[in-house]
Amino acid sequence: MNPNKEFLKNKANTLPEKPGVYLMKDQHNEVLYVGKAKSLKQRVVSYFRKNQQHANKVLRLVYNVVDFETIETDTELDALLLECRLIQAFHPIYNQQMNHSANYCFVDLTNHTFTITQTPQIGSYGPFRQTKKLPMLFQLLSETFQLPTVNELTLLTLRKQLPQMDAYPLEEKWREIGCFFAGQKTECFSLLDERLTYLIDHLLFEQASLLQGEIHSAQSFYQEIVRVNQFIQEPEVIFSIPLDLEEPGSQTTQIKYYQVSFGKLIQTIILSPEETFQPLPPASAALPLAPKDLDPLGIILNHLYRQEKAADK
């Protein structure tokens with residue numbers, strides 16, 4: 001049992017019901033974990049209560065925590081973005097996401113091979129976060145385009161599903177695969193649908209189910225590339241979040257504005273409803289994405305997606 005647990009619990013009970021970030025620290029003042037919270041008090045207190053639902057990883061973390069630090073933020077979005085920056089800065093051992101460069105990679109298709117690299121090469125694609133999907137995608141694309149690396153027995157089956165592949169030049173096959181990883185228009189999905197239709201028509205339902213799952217994963221991977229590509233080409237995106245003041249009886253709501261240019265957050269400011277937001281000049285052009293840019297970009301994109309969904313209701 002952590003001898004500091006009661007002290008930590010009492011300290012957590014003094015925290016505000018505000019969004020923010022908390023940093024769990026060990027006896028050497030090293031940051032063990034960085035987390036974000038919609039309510040700092042509720043989230044941090046939950047670590048030091050008896051809870052049968054706590055995973056072993058959380059129990060180990062709590063056992064090693066000697067103290068914690070918190071940083072209040074204006075919004076939950078700010079907390080997410082700050083959490084991301086702090087994880088990238090401290091690399092805490094209990095954080096898995098947004099932590100290590102090994103979680104991100106590039107895909108190199110030169111020399112007609114699939115190669116995963118940690119650094120961009122000339123003509124490579126990425127960076128990508130869903131690295132665990134890549135071996136499955138490589139196999140799926142290799143089989144769909146009937147590349148020379150596919151074994152002959154498998155090719156016999158695949159030729160029945162897509163007989164037109166025999167007429168495809170090898171260079172054209174690799175061009176289509178490159179379009180997939182670039183998020184550009186590609187024949188990949190129409191070819192995958194043909195394969196699925198063949199399996200269903202021939203009552204091969206188990207194989208069809210497996211292929212359908214792989215197609216779903218490929219679509220998810222591809223759609224994220226398309227979303228990111230579109231967003232980083234936008235010179236200016238402006239959105240806002242209302243801030244409710246804490247004073248009892250106050251009817252005033254402030255508004256926090258966010259300005260994004262080519263995927264990078266370039267300005268935030270809090271204004272009253274009577275004030276007018278003045279945007280900064282946008283950046284001159286989009287810069288290549290680095291692995292550290294992916295997570296903050298994804299956080300902003302997900303926030304905008306939720307805003308759109310809420311507006312549609």
# chains A, B, ... in the order shown; residues from 1 in each chain; ligands from 1
$ select_by_dssp --residues "range 246-299 of chain A" --states "alpha helix (DSSP H)" --output "VMD selection string"
chain A and resid 291 to 299
$ write_last_selection --atoms "N, CA, C and O atoms" --output "compact mmCIF listing (two decimals), in the first residue's frame"
# COMPACT_ATOMS: atom_id res chain seq x y z
N PRO A 291 6.26 13.25 -37.17
CA PRO A 291 5.50 12.40 -36.24
C PRO A 291 4.89 13.16 -35.07
O PRO A 291 3.76 12.89 -34.67
N LYS A 292 5.63 14.14 -34.51
CA LYS A 292 5.12 14.87 -33.34
C LYS A 292 3.90 15.74 -33.69
O LYS A 292 3.17 16.17 -32.80
N ASP A 293 3.67 16.00 -34.98
CA ASP A 293 2.53 16.82 -35.40
C ASP A 293 1.24 16.02 -35.47
O ASP A 293 0.14 16.59 -35.47
N LEU A 294 1.35 14.69 -35.58
CA LEU A 294 0.18 13.87 -35.86
C LEU A 294 -0.85 13.89 -34.74
O LEU A 294 -2.04 14.01 -34.99
N ASP A 295 -0.40 13.75 -33.50
CA ASP A 295 -1.34 13.65 -32.39
C ASP A 295 -2.10 14.95 -32.13
O ASP A 295 -3.33 14.92 -32.01
N PRO A 296 -1.43 16.11 -32.05
CA PRO A 296 -2.21 17.34 -31.89
C PRO A 296 -3.16 17.59 -33.05
O PRO A 296 -4.28 18.07 -32.86
N LEU A 297 -2.72 17.24 -34.25
CA LEU A 297 -3.58 17.38 -35.42
C LEU A 297 -4.82 16.49 -35.28
O LEU A 297 -5.95 16.91 -35.55
N GLY A 298 -4.60 15.25 -34.85
CA GLY A 298 -5.72 14.33 -34.66
C GLY A 298 -6.67 14.81 -33.57
O GLY A 298 -7.89 14.65 -33.69
N ILE A 299 -6.14 15.40 -32.51
CA ILE A 299 -6.98 15.93 -31.42
C ILE A 299 -7.89 17.03 -31.94
O ILE A 299 -9.09 17.06 -31.65
$ closest_residue --among "A:Ser190, A:Gly126, A:Gln207, A:Cys84" --to "Ile300 in chain A" --atoms "only C-alpha atoms"
A:Cys84
$ atom_distance --atom1 "CA of Pro135 in chain A" --atom2 "CA of Ile232 in chain A"
26.7 Å
$ closest_residue --among "A:Ser46, A:Leu134, A:Gly20, A:Asn111" --to "Ile71 in chain A" --atoms "only C-alpha atoms"
A:Gly20
$ select_by_dssp --residues "range 116-228 of chain A" --states "strand (DSSP E or B)" --output "count of residues only"
6
$ residues_around --residues "Val21 in chain A" --least-positions-apart "3" --cutoff "8 Å" --atoms "only C-alpha atoms" --output "PyMOL selection string"
chain A and resi 34-37+40+70-73+79-80+82-83
$ write_last_selection --atoms "all heavy atoms" --output "short mmCIF file (atom, residue, chain, number, x, y, z; two decimals), in the first residue's frame"
data_model
loop_
_atom_site.label_atom_id
_atom_site.label_comp_id
_atom_site.auth_asym_id
_atom_site.auth_seq_id
_atom_site.Cartn_x
_atom_site.Cartn_y
_atom_site.Cartn_z
N VAL A 34 1.22 11.25 -17.35
CA VAL A 34 0.52 12.50 -17.64
C VAL A 34 -0.88 12.14 -18.11
O VAL A 34 -1.04 11.29 -19.00
CB VAL A 34 1.24 13.33 -18.72
CG1 VAL A 34 0.42 14.58 -19.06
CG2 VAL A 34 2.64 13.73 -18.26
N GLY A 35 -1.89 12.77 -17.51
CA GLY A 35 -3.27 12.52 -17.93
C GLY A 35 -4.03 13.81 -18.05
O GLY A 35 -3.62 14.85 -17.53
N LYS A 36 -5.15 13.75 -18.75
CA LYS A 36 -6.01 14.93 -18.88
C LYS A 36 -7.34 14.64 -18.20
O LYS A 36 -7.73 13.48 -18.03
CB LYS A 36 -6.20 15.30 -20.35
CG LYS A 36 -7.02 14.32 -21.18
CD LYS A 36 -8.51 14.64 -21.16
CE LYS A 36 -9.29 13.52 -21.85
NZ LYS A 36 -10.74 13.67 -21.66
N ALA A 37 -8.04 15.70 -17.82
CA ALA A 37 -9.31 15.52 -17.13
C ALA A 37 -10.28 16.62 -17.51
O ALA A 37 -9.89 17.78 -17.66
CB ALA A 37 -9.09 15.52 -15.62
N LEU A 40 -10.59 18.01 -12.94
CA LEU A 40 -9.37 17.58 -12.25
C LEU A 40 -9.69 16.87 -10.93
O LEU A 40 -9.12 15.82 -10.63
CB LEU A 40 -8.46 18.78 -12.00
CG LEU A 40 -7.65 19.28 -13.20
CD1 LEU A 40 -6.98 20.60 -12.86
CD2 LEU A 40 -6.59 18.25 -13.62
N THR A 70 -0.78 19.59 -10.95
CA THR A 70 -1.87 19.81 -11.90
C THR A 70 -1.72 21.16 -12.58
O THR A 70 -1.14 22.09 -12.02
CB THR A 70 -3.25 19.75 -11.22
OG1 THR A 70 -3.34 20.78 -10.23
CG2 THR A 70 -3.50 18.40 -10.58
N ILE A 71 -2.24 21.25 -13.79
CA ILE A 71 -2.26 22.50 -14.55
C ILE A 71 -3.67 22.69 -15.06
O ILE A 71 -4.19 21.85 -15.81
CB ILE A 71 -1.27 22.46 -15.74
CG1 ILE A 71 0.14 22.11 -15.26
CG2 ILE A 71 -1.28 23.79 -16.49
CD1 ILE A 71 1.12 21.83 -16.41
N GLU A 72 -4.33 23.75 -14.62
CA GLU A 72 -5.69 24.03 -15.09
C GLU A 72 -5.66 24.56 -16.52
O GLU A 72 -4.72 25.25 -16.93
CB GLU A 72 -6.36 25.06 -14.18
CG GLU A 72 -6.64 24.57 -12.78
CD GLU A 72 -7.32 25.64 -11.93
OE1 GLU A 72 -8.02 26.50 -12.51
OE2 GLU A 72 -7.13 25.61 -10.70
N THR A 73 -6.70 24.25 -17.28
CA THR A 73 -6.83 24.76 -18.64
C THR A 73 -8.23 25.35 -18.82
O THR A 73 -9.13 25.10 -18.01
CB THR A 73 -6.61 23.65 -19.68
OG1 THR A 73 -7.57 22.61 -19.47
CG2 THR A 73 -5.21 23.08 -19.59
N ALA A 79 -6.77 20.86 -22.53
CA ALA A 79 -6.17 19.81 -21.69
C ALA A 79 -5.61 18.69 -22.56
O ALA A 79 -4.50 18.19 -22.31
CB ALA A 79 -7.22 19.26 -20.72
N LEU A 80 -6.34 18.29 -23.59
CA LEU A 80 -5.87 17.24 -24.50
C LEU A 80 -4.59 17.66 -25.21
O LEU A 80 -3.63 16.88 -25.32
CB LEU A 80 -6.95 16.93 -25.53
CG LEU A 80 -8.09 16.00 -25.07
CD1 LEU A 80 -9.26 16.11 -26.04
CD2 LEU A 80 -7.60 14.57 -25.00
N LEU A 82 -2.42 20.00 -24.25
CA LEU A 82 -1.32 20.13 -23.29
C LEU A 82 -0.82 18.75 -22.87
O LEU A 82 0.40 18.54 -22.75
CB LEU A 82 -1.79 20.93 -22.07
CG LEU A 82 -0.75 21.12 -20.95
CD1 LEU A 82 0.50 21.81 -21.48
CD2 LEU A 82 -1.36 21.91 -19.79
N GLU A 83 -1.74 17.82 -22.64
CA GLU A 83 -1.34 16.45 -22.30
C GLU A 83 -0.40 15.89 -23.38
O GLU A 83 0.63 15.29 -23.07
CB GLU A 83 -2.58 15.57 -22.18
CG GLU A 83 -2.27 14.10 -21.94
CD GLU A 83 -3.47 13.20 -22.20
OE1 GLU A 83 -4.25 13.48 -23.14
OE2 GLU A 83 -3.63 12.21 -21.48
#
